[in-house]
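model-v3.txt follows; it contains compact mmCIF, N, CA and C atoms.
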# COMPACT_ATOMS: atom_id res chain seq x y z
N MET A 1 -23.15 -14.52 53.17
CA MET A 1 -22.73 -13.14 52.96
C MET A 1 -21.30 -13.10 52.41
N PHE A 2 -20.45 -13.95 52.97
CA PHE A 2 -19.06 -13.97 52.52
C PHE A 2 -18.95 -14.38 51.05
N GLU A 3 -19.76 -15.38 50.59
CA GLU A 3 -19.75 -15.81 49.20
C GLU A 3 -20.20 -14.69 48.28
N LEU A 4 -21.13 -13.90 48.71
CA LEU A 4 -21.63 -12.79 47.91
C LEU A 4 -20.50 -11.80 47.62
N ASP A 5 -19.70 -11.50 48.61
CA ASP A 5 -18.58 -10.59 48.43
C ASP A 5 -17.54 -11.18 47.47
N ILE A 6 -17.30 -12.47 47.56
CA ILE A 6 -16.35 -13.13 46.66
C ILE A 6 -16.88 -13.10 45.24
N ASP A 7 -18.16 -13.37 45.07
CA ASP A 7 -18.76 -13.30 43.73
C ASP A 7 -18.66 -11.89 43.16
N MET A 8 -18.91 -10.91 44.01
CA MET A 8 -18.84 -9.52 43.56
C MET A 8 -17.39 -9.18 43.16
N LEU A 9 -16.43 -9.59 43.98
CA LEU A 9 -15.02 -9.34 43.65
C LEU A 9 -14.61 -10.05 42.38
N LYS A 10 -15.11 -11.27 42.24
CA LYS A 10 -14.81 -12.03 41.03
C LYS A 10 -15.35 -11.33 39.79
N GLU A 11 -16.60 -10.86 39.89
CA GLU A 11 -17.23 -10.15 38.77
C GLU A 11 -16.46 -8.87 38.45
N GLN A 12 -16.08 -8.12 39.46
CA GLN A 12 -15.31 -6.89 39.24
C GLN A 12 -13.95 -7.20 38.62
N GLY A 13 -13.33 -8.28 39.06
CA GLY A 13 -12.04 -8.69 38.49
C GLY A 13 -12.18 -9.05 37.02
N LEU A 14 -13.25 -9.76 36.66
CA LEU A 14 -13.49 -10.12 35.27
C LEU A 14 -13.75 -8.87 34.42
N GLN A 15 -14.49 -7.93 34.97
CA GLN A 15 -14.73 -6.67 34.25
C GLN A 15 -13.42 -5.92 34.02
N PHE A 16 -12.58 -5.91 35.05
CA PHE A 16 -11.28 -5.24 34.93
C PHE A 16 -10.43 -5.91 33.86
N VAL A 17 -10.41 -7.23 33.84
CA VAL A 17 -9.64 -7.97 32.83
C VAL A 17 -10.18 -7.67 31.43
N ASP A 18 -11.50 -7.64 31.29
CA ASP A 18 -12.10 -7.34 29.98
C ASP A 18 -11.72 -5.94 29.51
N LYS A 19 -11.76 -4.97 30.43
CA LYS A 19 -11.38 -3.59 30.08
C LYS A 19 -9.90 -3.52 29.68
N ALA A 20 -9.06 -4.21 30.43
CA ALA A 20 -7.62 -4.21 30.13
C ALA A 20 -7.36 -4.86 28.78
N LYS A 21 -8.07 -5.94 28.52
CA LYS A 21 -7.91 -6.64 27.23
C LYS A 21 -8.34 -5.73 26.08
N LYS A 22 -9.47 -5.05 26.24
CA LYS A 22 -9.96 -4.15 25.19
C LYS A 22 -8.98 -3.00 24.96
N THR A 23 -8.46 -2.45 26.05
CA THR A 23 -7.49 -1.35 25.94
C THR A 23 -6.23 -1.82 25.21
N ALA A 24 -5.74 -2.98 25.55
CA ALA A 24 -4.55 -3.52 24.89
C ALA A 24 -4.82 -3.75 23.41
N GLN A 25 -5.99 -4.29 23.07
CA GLN A 25 -6.34 -4.52 21.66
C GLN A 25 -6.46 -3.20 20.91
N ASP A 26 -7.06 -2.19 21.54
CA ASP A 26 -7.19 -0.87 20.91
C ASP A 26 -5.81 -0.27 20.62
N LEU A 27 -4.90 -0.41 21.60
CA LEU A 27 -3.54 0.11 21.39
C LEU A 27 -2.82 -0.63 20.26
N ALA A 28 -3.01 -1.94 20.21
CA ALA A 28 -2.38 -2.73 19.15
C ALA A 28 -2.94 -2.34 17.78
N ASP A 29 -4.27 -2.16 17.69
CA ASP A 29 -4.89 -1.74 16.44
C ASP A 29 -4.41 -0.36 16.02
N LYS A 30 -4.31 0.53 16.98
CA LYS A 30 -3.84 1.89 16.70
C LYS A 30 -2.42 1.86 16.13
N GLY A 31 -1.56 1.08 16.77
CA GLY A 31 -0.17 0.96 16.30
C GLY A 31 -0.10 0.33 14.92
N LYS A 32 -0.93 -0.68 14.68
CA LYS A 32 -0.94 -1.34 13.37
C LYS A 32 -1.40 -0.36 12.28
N ASN A 33 -2.45 0.41 12.57
CA ASN A 33 -2.92 1.39 11.59
C ASN A 33 -1.84 2.40 11.26
N GLN A 34 -1.17 2.88 12.29
CA GLN A 34 -0.11 3.87 12.05
C GLN A 34 1.05 3.26 11.27
N LEU A 35 1.42 2.03 11.60
CA LEU A 35 2.50 1.36 10.88
C LEU A 35 2.10 1.12 9.42
N ASP A 36 0.87 0.65 9.20
CA ASP A 36 0.39 0.43 7.83
C ASP A 36 0.41 1.74 7.05
N LEU A 37 -0.03 2.82 7.67
CA LEU A 37 -0.05 4.11 6.99
C LEU A 37 1.36 4.55 6.62
N MET A 38 2.28 4.41 7.56
CA MET A 38 3.66 4.82 7.27
C MET A 38 4.27 3.96 6.16
N ASN A 39 3.99 2.66 6.16
CA ASN A 39 4.51 1.78 5.10
C ASN A 39 3.94 2.17 3.74
N GLN A 40 2.64 2.45 3.69
CA GLN A 40 2.03 2.84 2.41
C GLN A 40 2.55 4.20 1.94
N GLN A 41 2.76 5.12 2.88
CA GLN A 41 3.31 6.43 2.50
C GLN A 41 4.73 6.28 1.96
N ALA A 42 5.51 5.37 2.52
CA ALA A 42 6.86 5.11 2.01
C ALA A 42 6.79 4.51 0.61
N ARG A 43 5.85 3.57 0.39
CA ARG A 43 5.67 2.98 -0.94
C ARG A 43 5.27 4.06 -1.95
N LEU A 44 4.39 4.99 -1.53
CA LEU A 44 3.95 6.06 -2.41
C LEU A 44 5.12 6.94 -2.81
N SER A 45 5.91 7.32 -1.84
CA SER A 45 7.07 8.16 -2.12
C SER A 45 8.04 7.48 -3.08
N LYS A 46 8.29 6.20 -2.86
CA LYS A 46 9.20 5.44 -3.73
C LYS A 46 8.64 5.35 -5.15
N ALA A 47 7.36 5.05 -5.28
CA ALA A 47 6.74 4.93 -6.61
C ALA A 47 6.76 6.27 -7.34
N GLN A 48 6.53 7.35 -6.62
CA GLN A 48 6.57 8.67 -7.24
C GLN A 48 7.99 9.01 -7.73
N ARG A 49 8.99 8.67 -6.92
CA ARG A 49 10.39 8.90 -7.35
C ARG A 49 10.71 8.08 -8.59
N GLN A 50 10.24 6.81 -8.61
CA GLN A 50 10.51 5.95 -9.76
C GLN A 50 9.82 6.49 -11.01
N LEU A 51 8.60 6.99 -10.87
CA LEU A 51 7.90 7.58 -12.01
C LEU A 51 8.67 8.78 -12.54
N GLY A 52 9.13 9.62 -11.63
CA GLY A 52 9.91 10.79 -12.04
C GLY A 52 11.19 10.39 -12.75
N ALA A 53 11.88 9.38 -12.22
CA ALA A 53 13.12 8.92 -12.85
C ALA A 53 12.83 8.32 -14.23
N LEU A 54 11.72 7.59 -14.35
CA LEU A 54 11.34 7.01 -15.64
C LEU A 54 11.06 8.10 -16.66
N VAL A 55 10.24 9.07 -16.29
CA VAL A 55 9.89 10.15 -17.21
C VAL A 55 11.16 10.90 -17.63
N TYR A 56 12.04 11.15 -16.68
CA TYR A 56 13.28 11.85 -16.98
C TYR A 56 14.15 11.03 -17.94
N SER A 57 14.30 9.74 -17.65
CA SER A 57 15.15 8.92 -18.51
C SER A 57 14.56 8.77 -19.91
N LEU A 58 13.25 8.67 -20.01
CA LEU A 58 12.61 8.61 -21.34
C LEU A 58 12.82 9.92 -22.08
N HIS A 59 12.64 11.03 -21.39
CA HIS A 59 12.84 12.34 -22.02
C HIS A 59 14.28 12.52 -22.47
N LYS A 60 15.20 12.14 -21.61
CA LYS A 60 16.62 12.30 -21.93
C LYS A 60 17.01 11.47 -23.15
N ALA A 61 16.40 10.27 -23.28
CA ALA A 61 16.70 9.40 -24.41
C ALA A 61 15.87 9.76 -25.65
N GLY A 62 14.98 10.73 -25.51
CA GLY A 62 14.14 11.11 -26.64
C GLY A 62 13.10 10.05 -26.99
N GLU A 63 12.72 9.26 -26.00
CA GLU A 63 11.76 8.17 -26.23
C GLU A 63 10.44 8.48 -25.54
N GLU A 64 9.42 7.74 -25.97
CA GLU A 64 8.12 7.80 -25.30
C GLU A 64 7.68 6.39 -25.02
N ASN A 65 7.08 6.20 -23.87
CA ASN A 65 6.54 4.89 -23.51
C ASN A 65 5.34 5.14 -22.59
N GLN A 66 4.28 5.68 -23.19
CA GLN A 66 3.11 6.06 -22.40
C GLN A 66 2.48 4.87 -21.66
N PRO A 67 2.43 3.67 -22.27
CA PRO A 67 1.87 2.54 -21.51
C PRO A 67 2.64 2.26 -20.21
N LEU A 68 3.95 2.38 -20.25
CA LEU A 68 4.75 2.16 -19.05
C LEU A 68 4.50 3.27 -18.03
N VAL A 69 4.45 4.50 -18.47
CA VAL A 69 4.15 5.63 -17.59
C VAL A 69 2.78 5.42 -16.95
N ASP A 70 1.80 4.99 -17.75
CA ASP A 70 0.45 4.74 -17.24
C ASP A 70 0.46 3.65 -16.17
N LYS A 71 1.29 2.61 -16.34
CA LYS A 71 1.38 1.54 -15.32
C LYS A 71 1.88 2.11 -14.00
N TYR A 72 2.88 2.97 -14.06
CA TYR A 72 3.38 3.59 -12.84
C TYR A 72 2.29 4.44 -12.19
N ILE A 73 1.57 5.20 -13.00
CA ILE A 73 0.50 6.04 -12.48
C ILE A 73 -0.59 5.19 -11.83
N GLU A 74 -0.93 4.06 -12.44
CA GLU A 74 -1.92 3.15 -11.85
C GLU A 74 -1.42 2.58 -10.52
N ALA A 75 -0.13 2.23 -10.47
CA ALA A 75 0.44 1.70 -9.22
C ALA A 75 0.37 2.77 -8.13
N ILE A 76 0.65 4.00 -8.47
CA ILE A 76 0.59 5.11 -7.51
C ILE A 76 -0.86 5.30 -7.03
N ALA A 77 -1.81 5.22 -7.96
CA ALA A 77 -3.22 5.38 -7.59
C ALA A 77 -3.67 4.28 -6.63
N GLU A 78 -3.18 3.06 -6.83
CA GLU A 78 -3.53 1.96 -5.92
C GLU A 78 -2.98 2.21 -4.51
N VAL A 79 -1.76 2.72 -4.42
CA VAL A 79 -1.18 3.01 -3.12
C VAL A 79 -1.95 4.15 -2.45
N GLU A 80 -2.31 5.18 -3.24
CA GLU A 80 -3.09 6.29 -2.68
C GLU A 80 -4.44 5.80 -2.16
N LYS A 81 -5.06 4.87 -2.88
CA LYS A 81 -6.34 4.30 -2.43
C LYS A 81 -6.15 3.55 -1.12
N ALA A 82 -5.08 2.78 -1.00
CA ALA A 82 -4.80 2.05 0.24
C ALA A 82 -4.59 3.02 1.40
N ILE A 83 -3.92 4.12 1.15
CA ILE A 83 -3.69 5.14 2.18
C ILE A 83 -5.03 5.71 2.64
N GLU A 84 -5.91 6.03 1.70
CA GLU A 84 -7.22 6.57 2.06
C GLU A 84 -8.04 5.57 2.88
N GLU A 85 -7.95 4.28 2.54
CA GLU A 85 -8.68 3.26 3.30
C GLU A 85 -8.16 3.17 4.74
N ILE A 86 -6.84 3.24 4.89
CA ILE A 86 -6.26 3.20 6.24
C ILE A 86 -6.70 4.42 7.03
N LYS A 87 -6.66 5.60 6.39
CA LYS A 87 -7.06 6.83 7.08
C LYS A 87 -8.52 6.77 7.50
N ALA A 88 -9.36 6.16 6.68
CA ALA A 88 -10.79 6.06 7.00
C ALA A 88 -11.03 5.21 8.24
N ASN A 89 -10.12 4.28 8.53
CA ASN A 89 -10.25 3.41 9.70
C ASN A 89 -9.60 3.98 10.95
N MET A 90 -9.02 5.16 10.84
CA MET A 90 -8.32 5.77 11.97
C MET A 90 -9.20 6.83 12.62
N SER A 91 -9.04 6.99 13.93
CA SER A 91 -9.71 8.08 14.62
C SER A 91 -8.95 9.37 14.29
N PRO A 92 -9.59 10.53 14.48
CA PRO A 92 -8.87 11.80 14.22
C PRO A 92 -7.57 11.91 15.03
N GLU A 93 -7.58 11.39 16.26
CA GLU A 93 -6.37 11.46 17.10
C GLU A 93 -5.26 10.59 16.51
N GLU A 94 -5.62 9.38 16.08
CA GLU A 94 -4.64 8.48 15.47
C GLU A 94 -4.04 9.12 14.22
N TYR A 95 -4.91 9.71 13.42
CA TYR A 95 -4.47 10.33 12.17
C TYR A 95 -3.49 11.47 12.46
N MET A 96 -3.81 12.31 13.44
CA MET A 96 -2.92 13.43 13.78
C MET A 96 -1.57 12.91 14.27
N GLU A 97 -1.58 11.86 15.11
CA GLU A 97 -0.32 11.28 15.59
C GLU A 97 0.50 10.73 14.43
N ALA A 98 -0.17 10.06 13.50
CA ALA A 98 0.54 9.48 12.36
C ALA A 98 1.11 10.57 11.47
N GLU A 99 0.35 11.64 11.27
CA GLU A 99 0.84 12.75 10.45
C GLU A 99 2.04 13.42 11.09
N GLN A 100 2.01 13.58 12.41
CA GLN A 100 3.16 14.17 13.10
C GLN A 100 4.38 13.28 12.96
N ALA A 101 4.20 11.97 13.12
CA ALA A 101 5.32 11.03 12.97
C ALA A 101 5.85 11.06 11.54
N ALA A 102 4.94 11.13 10.57
CA ALA A 102 5.36 11.17 9.16
C ALA A 102 6.12 12.46 8.88
N GLY A 103 5.68 13.57 9.48
CA GLY A 103 6.37 14.85 9.28
C GLY A 103 7.78 14.81 9.83
N GLU A 104 7.94 14.19 10.99
CA GLU A 104 9.28 14.06 11.57
C GLU A 104 10.15 13.16 10.71
N GLU A 105 9.57 12.07 10.19
CA GLU A 105 10.33 11.14 9.35
C GLU A 105 10.73 11.81 8.04
N THR A 106 9.81 12.59 7.46
CA THR A 106 10.11 13.29 6.21
C THR A 106 11.23 14.29 6.42
N GLN A 107 11.21 14.99 7.54
CA GLN A 107 12.27 15.95 7.83
C GLN A 107 13.62 15.24 7.94
N GLU A 108 13.64 14.07 8.59
CA GLU A 108 14.89 13.32 8.72
C GLU A 108 15.37 12.84 7.35
N GLU A 109 14.44 12.39 6.48
CA GLU A 109 14.81 11.94 5.14
C GLU A 109 15.38 13.09 4.33
N GLU A 110 14.77 14.28 4.43
CA GLU A 110 15.26 15.44 3.69
C GLU A 110 16.66 15.81 4.14
N GLU A 111 16.92 15.71 5.44
CA GLU A 111 18.26 16.01 5.95
C GLU A 111 19.26 14.99 5.40
N GLU A 112 18.88 13.72 5.32
CA GLU A 112 19.76 12.70 4.77
C GLU A 112 20.01 12.94 3.29
N ILE A 113 18.98 13.32 2.56
CA ILE A 113 19.12 13.55 1.12
C ILE A 113 20.08 14.69 0.86
N GLU A 114 20.02 15.74 1.67
CA GLU A 114 20.92 16.87 1.48
C GLU A 114 22.37 16.46 1.67
N GLU A 115 22.62 15.50 2.56
CA GLU A 115 23.98 15.09 2.85
C GLU A 115 24.52 14.11 1.82
N GLU A 116 23.64 13.33 1.19
CA GLU A 116 24.08 12.29 0.26
C GLU A 116 23.95 12.78 -1.18
N PRO A 117 24.85 12.34 -2.07
CA PRO A 117 24.69 12.69 -3.47
C PRO A 117 23.46 11.99 -4.04
N VAL A 118 22.88 12.59 -5.07
CA VAL A 118 21.70 12.02 -5.70
C VAL A 118 22.09 10.74 -6.43
N ARG A 119 21.35 9.67 -6.15
CA ARG A 119 21.61 8.40 -6.82
C ARG A 119 20.32 7.93 -7.46
N LEU A 120 20.25 7.99 -8.78
CA LEU A 120 19.06 7.52 -9.48
C LEU A 120 19.11 6.03 -9.72
N ARG A 121 20.28 5.47 -9.76
CA ARG A 121 20.42 4.04 -10.04
C ARG A 121 21.05 3.34 -8.86
N GLY A 122 20.42 2.29 -8.42
CA GLY A 122 20.98 1.48 -7.35
C GLY A 122 21.43 0.16 -7.94
N GLU A 123 21.17 -0.91 -7.24
CA GLU A 123 21.47 -2.23 -7.77
C GLU A 123 20.55 -2.48 -8.96
N THR A 124 21.00 -3.33 -9.84
CA THR A 124 20.18 -3.63 -11.01
C THR A 124 19.69 -5.07 -10.96
N LYS A 125 18.65 -5.33 -11.74
CA LYS A 125 18.15 -6.69 -11.90
C LYS A 125 17.77 -6.88 -13.36
N ILE A 126 17.48 -8.09 -13.73
CA ILE A 126 17.17 -8.43 -15.12
C ILE A 126 15.67 -8.66 -15.25
N CYS A 127 15.08 -8.04 -16.27
CA CYS A 127 13.65 -8.21 -16.55
C CYS A 127 13.40 -9.66 -16.97
N PRO A 128 12.41 -10.32 -16.39
CA PRO A 128 12.13 -11.71 -16.74
C PRO A 128 11.53 -11.88 -18.14
N VAL A 129 11.03 -10.78 -18.73
CA VAL A 129 10.38 -10.87 -20.04
C VAL A 129 11.36 -10.58 -21.17
N CYS A 130 12.00 -9.39 -21.12
CA CYS A 130 12.87 -8.99 -22.23
C CYS A 130 14.35 -9.12 -21.90
N HIS A 131 14.68 -9.46 -20.66
CA HIS A 131 16.05 -9.68 -20.19
C HIS A 131 16.91 -8.42 -20.22
N SER A 132 16.25 -7.23 -20.14
CA SER A 132 16.99 -5.98 -20.05
C SER A 132 17.38 -5.71 -18.61
N GLU A 133 18.44 -4.95 -18.44
CA GLU A 133 18.88 -4.58 -17.12
C GLU A 133 18.06 -3.37 -16.66
N VAL A 134 17.50 -3.47 -15.45
CA VAL A 134 16.68 -2.38 -14.91
C VAL A 134 17.10 -2.10 -13.47
N ASP A 135 16.67 -0.94 -12.94
CA ASP A 135 16.96 -0.60 -11.54
C ASP A 135 16.46 -1.68 -10.61
N GLY A 136 17.20 -1.93 -9.56
CA GLY A 136 16.84 -2.97 -8.61
C GLY A 136 15.55 -2.70 -7.87
N ASP A 137 15.15 -1.43 -7.73
CA ASP A 137 13.92 -1.13 -7.01
C ASP A 137 12.79 -0.70 -7.94
N ALA A 138 12.94 -0.93 -9.25
CA ALA A 138 11.91 -0.56 -10.22
C ALA A 138 10.68 -1.46 -10.07
N LEU A 139 9.53 -0.88 -10.30
CA LEU A 139 8.28 -1.64 -10.25
C LEU A 139 7.98 -2.31 -11.59
N PHE A 140 8.42 -1.65 -12.68
CA PHE A 140 8.18 -2.13 -14.03
C PHE A 140 9.46 -2.00 -14.84
N CYS A 141 9.58 -2.82 -15.88
CA CYS A 141 10.72 -2.71 -16.79
C CYS A 141 10.55 -1.47 -17.63
N ASN A 142 11.59 -0.64 -17.74
CA ASN A 142 11.47 0.57 -18.54
C ASN A 142 11.75 0.32 -20.02
N HIS A 143 11.91 -0.96 -20.40
CA HIS A 143 12.09 -1.29 -21.80
C HIS A 143 10.84 -1.90 -22.40
N CYS A 144 10.26 -2.89 -21.70
CA CYS A 144 9.09 -3.56 -22.25
C CYS A 144 7.82 -3.31 -21.45
N GLY A 145 7.96 -2.75 -20.24
CA GLY A 145 6.80 -2.43 -19.41
C GLY A 145 6.31 -3.58 -18.53
N ALA A 146 7.00 -4.69 -18.52
CA ALA A 146 6.59 -5.84 -17.70
C ALA A 146 6.66 -5.46 -16.22
N GLN A 147 5.68 -5.94 -15.45
CA GLN A 147 5.70 -5.71 -14.02
C GLN A 147 6.76 -6.61 -13.40
N LEU A 148 7.60 -6.02 -12.55
CA LEU A 148 8.69 -6.76 -11.94
C LEU A 148 8.33 -7.23 -10.55

Represent the structure of the file as structure tokens.
Amino acid sequence: MFELDIDMLKEQGLQFVDKAKKTAQDLADKGKNQLDLMNQQARLSKAQRQLGALVYSLHKAGEENQPLVDKYIEAIAEVEKAIEEIKANMSPEEYMEAEQAAGEETQEEEEEIEEEPVRLRGETKICPVCHSEVDGDALFCNHCGAQL
């Protein structure tokens, strides 16, 4: 009789450990999904700003470079696709939590932007193809269109 109780306790303990392990894994997956979503949303925002800066600089210089603009648009579409894939793997609760966190982060960024002067150019780097100087955070060279 005593062994039966020990076996039962052992079985209950193993079930408890399995439940705790599953809960911990679910929490880790939830956090990873939210982090991935926030990272992709930041990449999207950066790519959109770069596209806007490119279009503005081309317009200001009286130039056209539709293939380069198209590359930026394709890069943005890829990020948007990644965001949709992440959202598809999230529960409605996870998605709402991530959206709330993103809203708070966006509000903080807007407050920072209001305080800082607009800077379209940061550090620069050299294009490996045409050796032109380009923005340090550019995805593509705005002279030859090479992916950086």

_I need the residues in chain A that are helix (DSSP H, G or I) according to DSSP; give them as number ranges by chain._
A: 2-61, 66-88, 92-115

*One decimal, Å: what's the distance from CA of His131 in chain A over to atom N of Leu44 in chain A, could you say?*
26.4 Å

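For the atom pair formed by atom N of Cys130 in chain A and CA of Val79 in chain A, the distance is 25.5 Å, given to one decimal.
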
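Between Lys87 in chain A and the residues A:Asn39, A:Asn65, A:Asn33, A:Gln48, the shortest atom-to-atom distance, using only N, CA and C atoms, involves A:Asn33.
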
*Mind pulling up the distance from atom N of Pro67 in chain A to atom C of Gln50 in chain A?*
13.8 Å

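Near Val134 in chain A, within 5 Å and counting all atoms listed in the file, sit Thr124, Lys125 and Ile126 of chain A, not including residues fewer than 6 positions from it in the same chain.
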
How would the residues just picked look written out with N, CA and C atoms as a PDB file, in the frame of the given file?
ATOM      1  N   THR A 124      21.000  -3.330  -9.840  1.00  0.00           N
ATOM      2  CA  THR A 124      20.180  -3.630 -11.010  1.00  0.00           C
ATOM      3  C   THR A 124      19.690  -5.070 -10.960  1.00  0.00           C
ATOM      4  N   LYS A 125      18.650  -5.330 -11.740  1.00  0.00           N
ATOM      5  CA  LYS A 125      18.150  -6.690 -11.900  1.00  0.00           C
ATOM      6  C   LYS A 125      17.770  -6.880 -13.360  1.00  0.00           C
ATOM      7  N   ILE A 126      17.480  -8.090 -13.730  1.00  0.00           N
ATOM      8  CA  ILE A 126      17.170  -8.430 -15.120  1.00  0.00           C
ATOM      9  C   ILE A 126      15.670  -8.660 -15.250  1.00  0.00           C
TER      10      ILE A 126
END

Rebuild N, CA, C and O atoms on range 79-96 of chain A, as a short mmCIF file (atom, residue, chain, number, x, y, z; two decimals), keeping the file's coordinate frame?
data_model
loop_
_atom_site.label_atom_id
_atom_site.label_comp_id
_atom_site.auth_asym_id
_atom_site.auth_seq_id
_atom_site.Cartn_x
_atom_site.Cartn_y
_atom_site.Cartn_z
N VAL A 79 -1.76 2.72 -4.42
CA VAL A 79 -1.18 3.01 -3.12
C VAL A 79 -1.95 4.15 -2.45
O VAL A 79 -2.24 4.11 -1.25
N GLU A 80 -2.31 5.18 -3.24
CA GLU A 80 -3.09 6.29 -2.68
C GLU A 80 -4.44 5.80 -2.16
O GLU A 80 -4.90 6.25 -1.12
N LYS A 81 -5.06 4.87 -2.88
CA LYS A 81 -6.34 4.30 -2.43
C LYS A 81 -6.15 3.55 -1.12
O LYS A 81 -6.97 3.68 -0.20
N ALA A 82 -5.08 2.78 -1.00
CA ALA A 82 -4.80 2.05 0.24
C ALA A 82 -4.59 3.02 1.40
O ALA A 82 -5.06 2.77 2.52
N ILE A 83 -3.92 4.12 1.15
CA ILE A 83 -3.69 5.14 2.18
C ILE A 83 -5.03 5.71 2.64
O ILE A 83 -5.27 5.87 3.84
N GLU A 84 -5.91 6.03 1.70
CA GLU A 84 -7.22 6.57 2.06
C GLU A 84 -8.04 5.57 2.88
O GLU A 84 -8.74 5.96 3.81
N GLU A 85 -7.95 4.28 2.54
CA GLU A 85 -8.68 3.26 3.30
C GLU A 85 -8.16 3.17 4.74
O GLU A 85 -8.93 3.04 5.68
N ILE A 86 -6.84 3.24 4.89
CA ILE A 86 -6.26 3.20 6.24
C ILE A 86 -6.70 4.42 7.03
O ILE A 86 -7.10 4.32 8.19
N LYS A 87 -6.66 5.60 6.39
CA LYS A 87 -7.06 6.83 7.08
C LYS A 87 -8.52 6.77 7.50
O LYS A 87 -8.88 7.27 8.57
N ALA A 88 -9.36 6.16 6.68
CA ALA A 88 -10.79 6.06 7.00
C ALA A 88 -11.03 5.21 8.24
O ALA A 88 -12.03 5.40 8.94
N ASN A 89 -10.12 4.28 8.53
CA ASN A 89 -10.25 3.41 9.70
C ASN A 89 -9.60 3.98 10.95
O ASN A 89 -9.62 3.34 12.00
N MET A 90 -9.02 5.16 10.84
CA MET A 90 -8.32 5.77 11.97
C MET A 90 -9.20 6.83 12.62
O MET A 90 -9.97 7.51 11.95
N SER A 91 -9.04 6.99 13.93
CA SER A 91 -9.71 8.08 14.62
C SER A 91 -8.95 9.37 14.29
O SER A 91 -7.78 9.32 13.86
N PRO A 92 -9.59 10.53 14.48
CA PRO A 92 -8.87 11.80 14.22
C PRO A 92 -7.57 11.91 15.03
O PRO A 92 -6.58 12.43 14.52
N GLU A 93 -7.58 11.39 16.26
CA GLU A 93 -6.37 11.46 17.10
C GLU A 93 -5.26 10.59 16.51
O GLU A 93 -4.10 11.00 16.46
N GLU A 94 -5.62 9.38 16.08
CA GLU A 94 -4.64 8.48 15.47
C GLU A 94 -4.04 9.12 14.22
O GLU A 94 -2.84 9.07 13.99
N TYR A 95 -4.91 9.71 13.42
CA TYR A 95 -4.47 10.33 12.17
C TYR A 95 -3.49 11.47 12.46
O TYR A 95 -2.45 11.57 11.80
N MET A 96 -3.81 12.31 13.44
CA MET A 96 -2.92 13.43 13.78
C MET A 96 -1.57 12.91 14.27
O MET A 96 -0.52 13.44 13.89
#
